[in-house]
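*Asks:* Here you go, this is target-v1.tsv (TSV, N, CA and C atoms).
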```
chain	number	residue	atom	x	y	z
A	1	GLN	N	0.85	-1.19	0.00
A	1	GLN	CA	0.00	0.00	0.00
A	1	GLN	C	0.89	1.24	0.00
A	2	LEU	N	0.47	2.23	-0.76
A	2	LEU	CA	1.23	3.48	-0.85
A	2	LEU	C	1.26	4.18	0.50
A	3	GLN	N	2.45	4.64	0.89
A	3	GLN	CA	2.62	5.41	2.11
A	3	GLN	C	2.88	6.87	1.76
A	4	LEU	N	2.34	7.79	2.55
A	4	LEU	CA	2.48	9.22	2.31
A	4	LEU	C	3.04	9.88	3.56
A	5	VAL	N	4.07	10.71	3.39
A	5	VAL	CA	4.67	11.41	4.53
A	5	VAL	C	4.82	12.88	4.17
A	6	GLU	N	4.13	13.74	4.93
A	6	GLU	CA	4.21	15.18	4.68
A	6	GLU	C	5.34	15.79	5.50
A	7	SER	N	5.88	16.89	4.97
A	7	SER	CA	6.88	17.67	5.70
A	7	SER	C	6.86	19.10	5.17
A	8	GLY	N	7.53	19.99	5.89
A	8	GLY	CA	7.68	21.36	5.44
A	8	GLY	C	6.84	22.38	6.18
A	9	GLY	N	5.95	21.91	7.04
A	9	GLY	CA	5.15	22.86	7.80
A	9	GLY	C	5.99	23.66	8.77
A	10	ASP	N	5.56	24.89	9.04
A	10	ASP	CA	6.36	25.77	9.90
A	10	ASP	C	5.51	26.96	10.32
A	11	LEU	N	6.10	27.80	11.15
A	11	LEU	CA	5.53	29.10	11.51
A	11	LEU	C	6.09	30.13	10.54
A	12	VAL	N	5.20	30.90	9.91
A	12	VAL	CA	5.64	31.89	8.92
A	12	VAL	C	4.80	33.15	9.10
A	13	GLN	N	5.39	34.28	8.76
A	13	GLN	CA	4.67	35.54	8.87
A	13	GLN	C	3.72	35.74	7.69
A	14	PRO	N	2.67	36.50	7.87
A	14	PRO	CA	1.78	36.82	6.74
A	14	PRO	C	2.56	37.40	5.57
A	15	GLY	N	2.21	36.95	4.37
A	15	GLY	CA	2.93	37.36	3.18
A	15	GLY	C	4.10	36.48	2.83
A	16	GLY	N	4.46	35.58	3.72
A	16	GLY	CA	5.59	34.69	3.49
A	16	GLY	C	5.24	33.49	2.63
A	17	SER	N	6.22	32.61	2.45
A	17	SER	CA	6.07	31.43	1.60
A	17	SER	C	6.55	30.18	2.32
A	18	LEU	N	5.97	29.06	1.94
A	18	LEU	CA	6.40	27.75	2.40
A	18	LEU	C	6.23	26.77	1.27
A	19	ARG	N	7.05	25.72	1.28
A	19	ARG	CA	6.84	24.62	0.35
A	19	ARG	C	6.65	23.34	1.13
A	20	LEU	N	5.49	22.74	0.98
A	20	LEU	CA	5.20	21.46	1.61
A	20	LEU	C	5.58	20.33	0.67
A	21	SER	N	6.03	19.23	1.26
A	21	SER	CA	6.40	18.05	0.49
A	21	SER	C	5.57	16.85	0.94
A	22	CYS	N	5.18	16.03	-0.02
A	22	CYS	CA	4.50	14.77	0.26
A	22	CYS	C	5.35	13.67	-0.38
A	23	ALA	N	6.12	12.98	0.44
A	23	ALA	CA	6.96	11.91	-0.06
A	23	ALA	C	6.16	10.62	-0.10
A	24	THR	N	6.21	9.93	-1.23
A	24	THR	CA	5.46	8.70	-1.39
A	24	THR	C	6.40	7.50	-1.45
A	25	SER	N	5.90	6.34	-1.07
A	25	SER	CA	6.74	5.15	-0.97
A	25	SER	C	7.11	4.58	-2.34
A	26	ARG	N	6.36	5.00	-3.38
A	26	ARG	CA	6.73	4.64	-4.75
A	26	ARG	C	6.18	5.67	-5.71
A	27	SER	N	6.58	5.57	-6.94
A	27	SER	CA	6.14	6.55	-7.92
A	27	SER	C	4.63	6.56	-8.06
A	28	THR	N	4.06	7.76	-8.17
A	28	THR	CA	2.61	7.89	-8.32
A	28	THR	C	2.21	8.32	-9.73
A	29	SER	N	3.16	8.72	-10.52
A	29	SER	CA	2.84	9.18	-11.88
A	29	SER	C	2.23	8.05	-12.69
A	30	GLY	N	1.04	8.31	-13.23
A	30	GLY	CA	0.34	7.30	-14.01
A	30	GLY	C	-0.46	6.31	-13.17
A	31	TYR	N	-0.41	6.46	-11.86
A	31	TYR	CA	-1.08	5.51	-10.97
A	31	TYR	C	-2.03	6.18	-9.96
A	32	TYR	N	-1.61	7.29	-9.39
A	32	TYR	CA	-2.37	7.90	-8.31
A	32	TYR	C	-2.61	9.39	-8.58
A	33	ALA	N	-3.84	9.82	-8.33
A	33	ALA	CA	-4.10	11.25	-8.19
A	33	ALA	C	-3.74	11.62	-6.76
A	34	ILE	N	-3.12	12.79	-6.60
A	34	ILE	CA	-2.67	13.25	-5.28
A	34	ILE	C	-3.31	14.60	-4.98
A	35	ALA	N	-3.68	14.79	-3.73
A	35	ALA	CA	-4.29	16.06	-3.34
A	35	ALA	C	-3.73	16.53	-2.01
A	36	TRP	N	-3.84	17.83	-1.80
A	36	TRP	CA	-3.56	18.44	-0.51
A	36	TRP	C	-4.87	18.92	0.10
A	37	PHE	N	-5.05	18.60	1.36
A	37	PHE	CA	-6.19	19.06	2.14
A	37	PHE	C	-5.66	19.82	3.36
A	38	ARG	N	-6.53	20.56	3.99
A	38	ARG	CA	-6.15	21.22	5.23
A	38	ARG	C	-7.34	21.23	6.19
A	39	GLN	N	-7.00	21.27	7.47
A	39	GLN	CA	-8.04	21.30	8.50
A	39	GLN	C	-7.60	22.23	9.62
A	40	ALA	N	-8.38	23.28	9.80
A	40	ALA	CA	-8.16	24.22	10.89
A	40	ALA	C	-8.97	23.78	12.11
A	41	PRO	N	-8.58	24.19	13.31
A	41	PRO	CA	-9.31	23.78	14.51
A	41	PRO	C	-10.78	24.13	14.42
A	42	GLY	N	-11.63	23.17	14.69
A	42	GLY	CA	-13.06	23.39	14.70
A	42	GLY	C	-13.71	23.46	13.33
A	43	LYS	N	-12.94	23.19	12.28
A	43	LYS	CA	-13.48	23.28	10.92
A	43	LYS	C	-13.37	21.94	10.21
A	44	GLU	N	-14.15	21.82	9.13
A	44	GLU	CA	-14.10	20.62	8.30
A	44	GLU	C	-12.80	20.58	7.50
A	45	ARG	N	-12.37	19.36	7.18
A	45	ARG	CA	-11.22	19.20	6.29
A	45	ARG	C	-11.63	19.65	4.88
A	46	GLU	N	-10.83	20.52	4.28
A	46	GLU	CA	-11.17	21.04	2.97
A	46	GLU	C	-10.07	20.78	1.95
A	47	GLY	N	-10.48	20.56	0.72
A	47	GLY	CA	-9.52	20.34	-0.35
A	47	GLY	C	-8.86	21.64	-0.76
A	48	VAL	N	-7.57	21.61	-0.96
A	48	VAL	CA	-6.79	22.79	-1.33
A	48	VAL	C	-6.37	22.71	-2.80
A	49	SER	N	-5.80	21.57	-3.17
A	49	SER	CA	-5.30	21.42	-4.54
A	49	SER	C	-5.13	19.94	-4.85
A	50	CYS	N	-5.18	19.60	-6.14
A	50	CYS	CA	-4.94	18.22	-6.54
A	50	CYS	C	-4.25	18.18	-7.89
A	51	ILE	N	-3.61	17.04	-8.15
A	51	ILE	CA	-2.97	16.80	-9.44
A	51	ILE	C	-3.39	15.42	-9.90
A	52	SER	N	-3.75	15.31	-11.17
A	52	SER	CA	-4.25	14.04	-11.70
A	52	SER	C	-3.15	13.00	-11.81
A	53	SER	N	-3.55	11.77	-11.99
A	53	SER	CA	-2.61	10.67	-12.15
A	53	SER	C	-1.64	10.94	-13.29
A	54	SER	N	-2.13	11.47	-14.40
A	54	SER	CA	-1.28	11.77	-15.56
A	54	SER	C	-0.40	12.99	-15.33
A	55	GLY	N	-0.80	13.83	-14.38
A	55	GLY	CA	-0.08	15.08	-14.17
A	55	GLY	C	-0.53	16.21	-15.07
A	56	ASP	N	-1.47	15.93	-15.96
A	56	ASP	CA	-1.89	16.92	-16.94
A	56	ASP	C	-2.96	17.87	-16.41
A	57	ARG	N	-3.55	17.54	-15.28
A	57	ARG	CA	-4.66	18.35	-14.76
A	57	ARG	C	-4.41	18.69	-13.30
A	58	THR	N	-4.61	19.96	-12.97
A	58	THR	CA	-4.55	20.39	-11.58
A	58	THR	C	-5.80	21.19	-11.26
A	59	ASN	N	-6.20	21.17	-10.00
A	59	ASN	CA	-7.33	21.96	-9.53
A	59	ASN	C	-6.95	22.67	-8.24
A	60	TYR	N	-7.59	23.81	-8.00
A	60	TYR	CA	-7.32	24.59	-6.79
A	60	TYR	C	-8.62	25.10	-6.20
A	61	ALA	N	-8.64	25.16	-4.88
A	61	ALA	CA	-9.75	25.84	-4.21
A	61	ALA	C	-9.68	27.32	-4.53
A	62	ASP	N	-10.84	27.96	-4.60
A	62	ASP	CA	-10.87	29.39	-4.93
A	62	ASP	C	-10.03	30.21	-3.95
A	63	SER	N	-10.00	29.78	-2.71
A	63	SER	CA	-9.30	30.55	-1.67
A	63	SER	C	-7.78	30.57	-1.85
A	64	VAL	N	-7.24	29.66	-2.69
A	64	VAL	CA	-5.78	29.60	-2.85
A	64	VAL	C	-5.33	29.83	-4.28
A	65	LYS	N	-6.26	29.99	-5.21
A	65	LYS	CA	-5.91	30.20	-6.61
A	65	LYS	C	-5.02	31.42	-6.76
A	66	GLY	N	-3.95	31.25	-7.54
A	66	GLY	CA	-3.02	32.35	-7.75
A	66	GLY	C	-1.94	32.45	-6.69
A	67	ARG	N	-2.10	31.72	-5.59
A	67	ARG	CA	-1.11	31.76	-4.50
A	67	ARG	C	-0.40	30.43	-4.30
A	68	PHE	N	-1.12	29.33	-4.49
A	68	PHE	CA	-0.56	28.00	-4.28
A	68	PHE	C	-0.34	27.31	-5.62
A	69	THR	N	0.69	26.46	-5.67
A	69	THR	CA	0.97	25.68	-6.87
A	69	THR	C	1.33	24.25	-6.47
A	70	ILE	N	0.64	23.29	-7.08
A	70	ILE	CA	0.95	21.88	-6.83
A	70	ILE	C	1.81	21.36	-7.98
A	71	SER	N	2.76	20.48	-7.65
A	71	SER	CA	3.61	19.89	-8.68
A	71	SER	C	4.08	18.52	-8.23
A	72	ARG	N	4.50	17.73	-9.19
A	72	ARG	CA	4.97	16.37	-8.89
A	72	ARG	C	6.35	16.19	-9.49
A	73	GLU	N	7.29	15.71	-8.70
A	73	GLU	CA	8.63	15.40	-9.18
A	73	GLU	C	8.81	13.89	-9.15
A	74	ASN	N	8.74	13.27	-10.30
A	74	ASN	CA	8.68	11.80	-10.36
A	74	ASN	C	9.96	11.14	-9.86
A	75	THR	N	11.12	11.73	-10.17
A	75	THR	CA	12.39	11.10	-9.77
A	75	THR	C	12.54	11.05	-8.26
A	76	LYS	N	11.93	12.00	-7.57
A	76	LYS	CA	12.02	12.04	-6.12
A	76	LYS	C	10.79	11.46	-5.45
A	77	LYS	N	9.84	10.99	-6.24
A	77	LYS	CA	8.61	10.42	-5.69
A	77	LYS	C	7.99	11.37	-4.68
A	78	THR	N	7.88	12.62	-5.09
A	78	THR	CA	7.39	13.65	-4.17
A	78	THR	C	6.41	14.58	-4.89
A	79	VAL	N	5.38	14.96	-4.17
A	79	VAL	CA	4.44	15.98	-4.65
A	79	VAL	C	4.60	17.19	-3.74
A	80	TYR	N	4.70	18.36	-4.35
A	80	TYR	CA	4.93	19.59	-3.60
A	80	TYR	C	3.70	20.49	-3.62
A	81	LEU	N	3.61	21.32	-2.59
A	81	LEU	CA	2.63	22.40	-2.58
A	81	LEU	C	3.39	23.67	-2.24
A	82	GLN	N	3.62	24.50	-3.24
A	82	GLN	CA	4.27	25.78	-3.04
A	82	GLN	C	3.21	26.79	-2.63
A	83	MET	N	3.40	27.41	-1.48
A	83	MET	CA	2.41	28.33	-0.93
A	83	MET	C	3.04	29.71	-0.80
A	84	ASN	N	2.52	30.67	-1.51
A	84	ASN	CA	3.01	32.04	-1.48
A	84	ASN	C	1.94	32.98	-0.95
A	85	SER	N	2.36	34.17	-0.57
A	85	SER	CA	1.43	35.19	-0.06
A	85	SER	C	0.52	34.63	1.02
A	86	LEU	N	1.11	33.96	1.97
A	86	LEU	CA	0.33	33.27	2.99
A	86	LEU	C	-0.43	34.25	3.87
A	87	LYS	N	-1.61	33.81	4.29
A	87	LYS	CA	-2.51	34.61	5.12
A	87	LYS	C	-2.77	33.86	6.43
A	88	PRO	N	-3.16	34.58	7.48
A	88	PRO	CA	-3.49	33.90	8.74
A	88	PRO	C	-4.56	32.81	8.56
A	89	GLU	N	-5.47	33.02	7.64
A	89	GLU	CA	-6.53	32.02	7.43
A	89	GLU	C	-6.03	30.75	6.74
A	90	ASP	N	-4.78	30.73	6.31
A	90	ASP	CA	-4.18	29.51	5.78
A	90	ASP	C	-3.68	28.59	6.89
A	91	THR	N	-3.72	29.07	8.11
A	91	THR	CA	-3.26	28.27	9.24
A	91	THR	C	-4.11	27.01	9.39
A	92	ALA	N	-3.46	25.86	9.40
A	92	ALA	CA	-4.15	24.57	9.47
A	92	ALA	C	-3.12	23.45	9.50
A	93	VAL	N	-3.61	22.25	9.76
A	93	VAL	CA	-2.81	21.06	9.50
A	93	VAL	C	-3.08	20.67	8.05
A	94	TYR	N	-2.00	20.48	7.30
A	94	TYR	CA	-2.11	20.14	5.89
A	94	TYR	C	-1.82	18.65	5.70
A	95	TYR	N	-2.71	18.00	4.95
A	95	TYR	CA	-2.63	16.57	4.71
A	95	TYR	C	-2.46	16.29	3.22
A	96	CYS	N	-1.69	15.26	2.95
A	96	CYS	CA	-1.54	14.74	1.60
A	96	CYS	C	-2.45	13.51	1.49
A	97	ALA	N	-3.10	13.34	0.34
A	97	ALA	CA	-3.99	12.22	0.13
A	97	ALA	C	-3.80	11.66	-1.28
A	98	ALA	N	-4.15	10.38	-1.46
A	98	ALA	CA	-3.97	9.73	-2.75
A	98	ALA	C	-5.11	8.79	-3.04
A	99	VAL	N	-5.39	8.60	-4.33
A	99	VAL	CA	-6.34	7.60	-4.78
A	99	VAL	C	-5.81	7.03	-6.09
A	100	MET	N	-5.92	5.70	-6.23
A	100	MET	CA	-5.42	5.06	-7.44
A	100	MET	C	-6.35	5.36	-8.61
A	101	ARG	N	-5.74	5.85	-9.68
A	101	ARG	CA	-6.50	6.15	-10.88
A	101	ARG	C	-5.70	5.71	-12.09
A	102	THR	N	-5.97	4.51	-12.60
A	102	THR	CA	-5.24	3.98	-13.75
A	102	THR	C	-6.13	3.74	-14.96
A	103	VAL	N	-7.43	3.84	-14.78
A	103	VAL	CA	-8.36	3.68	-15.89
A	103	VAL	C	-8.17	4.85	-16.85
A	104	PRO	N	-8.06	4.60	-18.14
A	104	PRO	CA	-7.77	5.69	-19.09
A	104	PRO	C	-8.67	6.91	-18.94
A	105	GLY	N	-9.93	6.73	-18.70
A	105	GLY	CA	-10.86	7.85	-18.58
A	105	GLY	C	-10.68	8.68	-17.32
A	106	LEU	N	-9.90	8.18	-16.37
A	106	LEU	CA	-9.72	8.89	-15.11
A	106	LEU	C	-8.29	9.40	-14.90
A	107	LEU	N	-7.45	9.20	-15.89
A	107	LEU	CA	-6.05	9.62	-15.73
A	107	LEU	C	-5.92	11.14	-15.63
A	108	ASN	N	-6.83	11.87	-16.24
A	108	ASN	CA	-6.73	13.33	-16.27
A	108	ASN	C	-7.77	14.00	-15.38
A	109	VAL	N	-8.18	13.29	-14.33
A	109	VAL	CA	-9.21	13.81	-13.44
A	109	VAL	C	-8.68	13.85	-12.02
A	110	CYS	N	-8.99	14.92	-11.30
A	110	CYS	CA	-8.76	14.91	-9.85
A	110	CYS	C	-9.79	15.82	-9.21
A	111	GLY	N	-10.16	15.49	-7.96
A	111	GLY	CA	-11.19	16.25	-7.27
A	111	GLY	C	-10.72	16.74	-5.92
A	112	LEU	N	-11.51	17.64	-5.32
A	112	LEU	CA	-11.17	18.22	-4.03
A	112	LEU	C	-12.11	17.79	-2.91
A	113	SER	N	-12.84	16.72	-3.15
A	113	SER	CA	-13.69	16.15	-2.10
A	113	SER	C	-12.90	15.11	-1.33
A	114	LYS	N	-12.93	15.17	-0.02
A	114	LYS	CA	-12.17	14.21	0.78
A	114	LYS	C	-12.69	12.79	0.58
A	115	ASN	N	-13.93	12.64	0.15
A	115	ASN	CA	-14.49	11.30	-0.06
A	115	ASN	C	-13.88	10.61	-1.28
A	116	TRP	N	-13.18	11.36	-2.09
A	116	TRP	CA	-12.56	10.82	-3.31
A	116	TRP	C	-11.33	9.97	-2.98
A	117	TYR	N	-10.70	10.26	-1.83
A	117	TYR	CA	-9.35	9.75	-1.55
A	117	TYR	C	-9.39	8.64	-0.50
A	118	THR	N	-8.52	7.65	-0.72
A	118	THR	CA	-8.52	6.46	0.13
A	118	THR	C	-7.27	6.34	1.01
A	119	LEU	N	-6.22	7.09	0.70
A	119	LEU	CA	-4.97	7.00	1.45
A	119	LEU	C	-4.60	8.38	1.95
A	120	TRP	N	-4.14	8.45	3.21
A	120	TRP	CA	-3.85	9.74	3.83
A	120	TRP	C	-2.53	9.71	4.60
A	121	GLY	N	-1.87	10.86	4.61
A	121	GLY	CA	-0.69	11.02	5.45
A	121	GLY	C	-1.10	11.51	6.83
A	122	GLN	N	-0.10	11.78	7.68
A	122	GLN	CA	-0.35	12.17	9.07
A	122	GLN	C	-0.49	13.68	9.26
A	123	GLY	N	-0.09	14.46	8.28
A	123	GLY	CA	-0.27	15.91	8.36
A	123	GLY	C	0.96	16.66	8.81
A	124	THR	N	1.00	17.94	8.44
A	124	THR	CA	2.07	18.85	8.87
A	124	THR	C	1.44	20.19	9.19
A	125	GLN	N	1.88	20.80	10.29
A	125	GLN	CA	1.25	22.04	10.78
A	125	GLN	C	1.83	23.26	10.07
A	126	VAL	N	0.94	24.09	9.56
A	126	VAL	CA	1.31	25.39	9.00
A	126	VAL	C	0.63	26.46	9.83
A	127	THR	N	1.43	27.37	10.37
A	127	THR	CA	0.89	28.48	11.16
A	127	THR	C	1.37	29.79	10.54
A	128	VAL	N	0.41	30.65	10.21
A	128	VAL	CA	0.72	31.96	9.62
A	128	VAL	C	0.33	33.01	10.65
A	129	SER	N	1.35	33.65	11.20
A	129	SER	CA	1.10	34.61	12.28
A	129	SER	C	2.29	35.55	12.41
A	130	SER	N	2.00	36.78	12.82
A	130	SER	CA	3.05	37.75	13.07
A	130	SER	C	3.44	37.74	14.54
```
Now, as a test, write the supplied structure out as structure tokens.

*Replies:*
Amino acid sequence: QLQLVESGGDLVQPGGSLRLSCATSRSTSGYYAIAWFRQAPGKEREGVSCISSSGDRTNYADSVKGRFTISRENTKKTVYLQMNSLKPEDTAVYYCAAVMRTVPGLLNVCGLSKNWYTLWGQGTQVTVSS
């Protein structure tokens, strides 16, 4: 079973940047769609961004469009979330999630619903505060 390990969370000032990493136990390109979710205290887990199994499609929540970028580096078996112009409301535990998608019709699809994903990492804390 695919294992996911997040890292890169930290305390950062508003307007700053962070890059989160999701290291996977094997290559996900062509096999798994990967997503980033976040959960703030007292709130529901929400989808932030995803990348399709093929890598050809990405999606973003409206709240992070233009600020966050998801990418996959196949040689390092890692999916990144570059976060710029961070705001206090971005404070949350960030989770990496995966779902196997190898059927040709689903290679270029990814969603931001947590019900879509079957595998989860343990999370990394991001705090945006002055």

*Asks:* Can you pull out the residues contacting range 21-34 of chain A? Cut-off 8 Å, using all atoms listed in the file, and skip same-chain residues under 5 positions away; I want them as JSON, numbers by chain.

*Replies:* {"A": [1, 2, 3, 4, 5, 6, 7, 8, 9, 49, 50, 51, 52, 53, 54, 55, 73, 74, 75, 76, 77, 78, 79, 80, 81, 82, 95, 96, 97, 98, 99, 100, 101, 102, 103, 106, 107, 109, 110, 111, 117]}

*Asks:* Interatomic distance between CA of Pro14 in chain A and CA of Gly47 in chain A?

*Replies:*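 We find that CA of Pro14 in chain A and CA of Gly47 in chain A lie 21.2 Å from each other.
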
*Asks:* What does the distance from atom C of Val12 in chain A to atom N of Val93 in chain A come to in Å, to one decimal?

*Replies:*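 Computed distance, atom C of Val12 in chain A to atom N of Val93 in chain A, equals 13.8 Å.
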
*Asks:* When DSSP works through the backbone of this structure, what residues of range 59-117 of chain A end up as strand (DSSP E or B), shown as a PyMOL selection string?

*Replies:* chain A and resi 59-60+68-73+78-83+92-100

*Asks:* With N, CA and C atoms retained, could you export that selection as a PDB file, in the frame of the given file?

*Replies:*
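Output contents, as saved in result_38.pdb:
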```
ATOM      1  N   ASN A  59      -6.200  21.170 -10.000  1.00  0.00           N
ATOM      2  CA  ASN A  59      -7.330  21.960  -9.530  1.00  0.00           C
ATOM      3  C   ASN A  59      -6.950  22.670  -8.240  1.00  0.00           C
ATOM      4  N   TYR A  60      -7.590  23.810  -8.000  1.00  0.00           N
ATOM      5  CA  TYR A  60      -7.320  24.590  -6.790  1.00  0.00           C
ATOM      6  C   TYR A  60      -8.620  25.100  -6.200  1.00  0.00           C
ATOM      7  N   PHE A  68      -1.120  29.330  -4.490  1.00  0.00           N
ATOM      8  CA  PHE A  68      -0.560  28.000  -4.280  1.00  0.00           C
ATOM      9  C   PHE A  68      -0.340  27.310  -5.620  1.00  0.00           C
ATOM     10  N   THR A  69       0.690  26.460  -5.670  1.00  0.00           N
ATOM     11  CA  THR A  69       0.970  25.680  -6.870  1.00  0.00           C
ATOM     12  C   THR A  69       1.330  24.250  -6.470  1.00  0.00           C
ATOM     13  N   ILE A  70       0.640  23.290  -7.080  1.00  0.00           N
ATOM     14  CA  ILE A  70       0.950  21.880  -6.830  1.00  0.00           C
ATOM     15  C   ILE A  70       1.810  21.360  -7.980  1.00  0.00           C
ATOM     16  N   SER A  71       2.760  20.480  -7.650  1.00  0.00           N
ATOM     17  CA  SER A  71       3.610  19.890  -8.680  1.00  0.00           C
ATOM     18  C   SER A  71       4.080  18.520  -8.230  1.00  0.00           C
ATOM     19  N   ARG A  72       4.500  17.730  -9.190  1.00  0.00           N
ATOM     20  CA  ARG A  72       4.970  16.370  -8.890  1.00  0.00           C
ATOM     21  C   ARG A  72       6.350  16.190  -9.490  1.00  0.00           C
ATOM     22  N   GLU A  73       7.290  15.710  -8.700  1.00  0.00           N
ATOM     23  CA  GLU A  73       8.630  15.400  -9.180  1.00  0.00           C
ATOM     24  C   GLU A  73       8.810  13.890  -9.150  1.00  0.00           C
ATOM     25  N   THR A  78       7.880  12.620  -5.090  1.00  0.00           N
ATOM     26  CA  THR A  78       7.390  13.650  -4.170  1.00  0.00           C
ATOM     27  C   THR A  78       6.410  14.580  -4.890  1.00  0.00           C
ATOM     28  N   VAL A  79       5.380  14.960  -4.170  1.00  0.00           N
ATOM     29  CA  VAL A  79       4.440  15.980  -4.650  1.00  0.00           C
ATOM     30  C   VAL A  79       4.600  17.190  -3.740  1.00  0.00           C
ATOM     31  N   TYR A  80       4.700  18.360  -4.350  1.00  0.00           N
ATOM     32  CA  TYR A  80       4.930  19.590  -3.600  1.00  0.00           C
ATOM     33  C   TYR A  80       3.700  20.490  -3.620  1.00  0.00           C
ATOM     34  N   LEU A  81       3.610  21.320  -2.590  1.00  0.00           N
ATOM     35  CA  LEU A  81       2.630  22.400  -2.580  1.00  0.00           C
ATOM     36  C   LEU A  81       3.390  23.670  -2.240  1.00  0.00           C
ATOM     37  N   GLN A  82       3.620  24.500  -3.240  1.00  0.00           N
ATOM     38  CA  GLN A  82       4.270  25.780  -3.040  1.00  0.00           C
ATOM     39  C   GLN A  82       3.210  26.790  -2.630  1.00  0.00           C
ATOM     40  N   MET A  83       3.400  27.410  -1.480  1.00  0.00           N
ATOM     41  CA  MET A  83       2.410  28.330  -0.930  1.00  0.00           C
ATOM     42  C   MET A  83       3.040  29.710  -0.800  1.00  0.00           C
ATOM     43  N   ALA A  92      -3.460  25.860   9.400  1.00  0.00           N
ATOM     44  CA  ALA A  92      -4.150  24.570   9.470  1.00  0.00           C
ATOM     45  C   ALA A  92      -3.120  23.450   9.500  1.00  0.00           C
ATOM     46  N   VAL A  93      -3.610  22.250   9.760  1.00  0.00           N
ATOM     47  CA  VAL A  93      -2.810  21.060   9.500  1.00  0.00           C
ATOM     48  C   VAL A  93      -3.080  20.670   8.050  1.00  0.00           C
ATOM     49  N   TYR A  94      -2.000  20.480   7.300  1.00  0.00           N
ATOM     50  CA  TYR A  94      -2.110  20.140   5.890  1.00  0.00           C
ATOM     51  C   TYR A  94      -1.820  18.650   5.700  1.00  0.00           C
ATOM     52  N   TYR A  95      -2.710  18.000   4.950  1.00  0.00           N
ATOM     53  CA  TYR A  95      -2.630  16.570   4.710  1.00  0.00           C
ATOM     54  C   TYR A  95      -2.460  16.290   3.220  1.00  0.00           C
ATOM     55  N   CYS A  96      -1.690  15.260   2.950  1.00  0.00           N
ATOM     56  CA  CYS A  96      -1.540  14.740   1.600  1.00  0.00           C
ATOM     57  C   CYS A  96      -2.450  13.510   1.490  1.00  0.00           C
ATOM     58  N   ALA A  97      -3.100  13.340   0.340  1.00  0.00           N
ATOM     59  CA  ALA A  97      -3.990  12.220   0.130  1.00  0.00           C
ATOM     60  C   ALA A  97      -3.800  11.660  -1.280  1.00  0.00           C
ATOM     61  N   ALA A  98      -4.150  10.380  -1.460  1.00  0.00           N
ATOM     62  CA  ALA A  98      -3.970   9.730  -2.750  1.00  0.00           C
ATOM     63  C   ALA A  98      -5.110   8.790  -3.040  1.00  0.00           C
ATOM     64  N   VAL A  99      -5.390   8.600  -4.330  1.00  0.00           N
ATOM     65  CA  VAL A  99      -6.340   7.600  -4.780  1.00  0.00           C
ATOM     66  C   VAL A  99      -5.810   7.030  -6.090  1.00  0.00           C
ATOM     67  N   MET A 100      -5.920   5.700  -6.230  1.00  0.00           N
ATOM     68  CA  MET A 100      -5.420   5.060  -7.440  1.00  0.00           C
ATOM     69  C   MET A 100      -6.350   5.360  -8.610  1.00  0.00           C
TER      70      MET A 100
END
```

*Asks:* From the options A:Lys43, A:Phe37, A:Asp56, A:Ser17, which residue's atoms come nearest to Gly123 in chain A, counting only C-alpha atoms?

*Replies:* A:Phe37

*Asks:* For the atom pair CA of Gly16 in chain A and CA of Pro41 in chain A, what is the interatomic distance in Å to one decimal place?

*Replies:*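 CA of Pro41 in chain A lies at a distance of 21.5 Å from CA of Gly16 in chain A.
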
*Asks:* Any chance you could list, as a VMD selection string, the residues in chain A that come up helix (DSSP H, G or I) when DSSP is run on the backbone?

*Replies:* chain A and resid 74 to 76 88 to 90 104 to 106 114 to 116

*Asks:* Restricting the output to N, CA and C atoms, write the selected residues as a tab-separated table (two decimals), in the frame of the given file.

*Replies:*
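The resulting file, result_10.tsv, is shown below:
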```tsv
chain	number	residue	atom	x	y	z
A	74	ASN	N	8.74	13.27	-10.30
A	74	ASN	CA	8.68	11.80	-10.36
A	74	ASN	C	9.96	11.14	-9.86
A	75	THR	N	11.12	11.73	-10.17
A	75	THR	CA	12.39	11.10	-9.77
A	75	THR	C	12.54	11.05	-8.26
A	76	LYS	N	11.93	12.00	-7.57
A	76	LYS	CA	12.02	12.04	-6.12
A	76	LYS	C	10.79	11.46	-5.45
A	88	PRO	N	-3.16	34.58	7.48
A	88	PRO	CA	-3.49	33.90	8.74
A	88	PRO	C	-4.56	32.81	8.56
A	89	GLU	N	-5.47	33.02	7.64
A	89	GLU	CA	-6.53	32.02	7.43
A	89	GLU	C	-6.03	30.75	6.74
A	90	ASP	N	-4.78	30.73	6.31
A	90	ASP	CA	-4.18	29.51	5.78
A	90	ASP	C	-3.68	28.59	6.89
A	104	PRO	N	-8.06	4.60	-18.14
A	104	PRO	CA	-7.77	5.69	-19.09
A	104	PRO	C	-8.67	6.91	-18.94
A	105	GLY	N	-9.93	6.73	-18.70
A	105	GLY	CA	-10.86	7.85	-18.58
A	105	GLY	C	-10.68	8.68	-17.32
A	106	LEU	N	-9.90	8.18	-16.37
A	106	LEU	CA	-9.72	8.89	-15.11
A	106	LEU	C	-8.29	9.40	-14.90
A	114	LYS	N	-12.93	15.17	-0.02
A	114	LYS	CA	-12.17	14.21	0.78
A	114	LYS	C	-12.69	12.79	0.58
A	115	ASN	N	-13.93	12.64	0.15
A	115	ASN	CA	-14.49	11.30	-0.06
A	115	ASN	C	-13.88	10.61	-1.28
A	116	TRP	N	-13.18	11.36	-2.09
A	116	TRP	CA	-12.56	10.82	-3.31
A	116	TRP	C	-11.33	9.97	-2.98
```

*Asks:* Pick from A:Thr69, A:Thr91, A:Trp36, A:Val64: nearest to Leu112 in chain A, with only C-alpha atoms counted?

*Replies:*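 That would be A:Trp36, the residue with the smallest distance to Leu112 in chain A.
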
*Asks:* Centre and edge lengths, as JSON, for the axis-aligned box enclosing every listed atom of range 28-45 of chain A with 3 Å of padding on each of the six sides, in Å to one decimal?

*Replies:*
```
{"center_x": -5.0, "center_y": 14.9, "center_z": 0.3, "size_x": 24.2, "size_y": 24.7, "size_z": 34.7}
```

*Asks:* When distances are computed from all atoms listed in the file, which of A:Ala61, A:Leu119, A:Ile70, A:Ala40 shows the smallest separation from Tyr94 in chain A?

*Replies:*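 The answer is A:Ala40, which sits nearest to Tyr94 in chain A.
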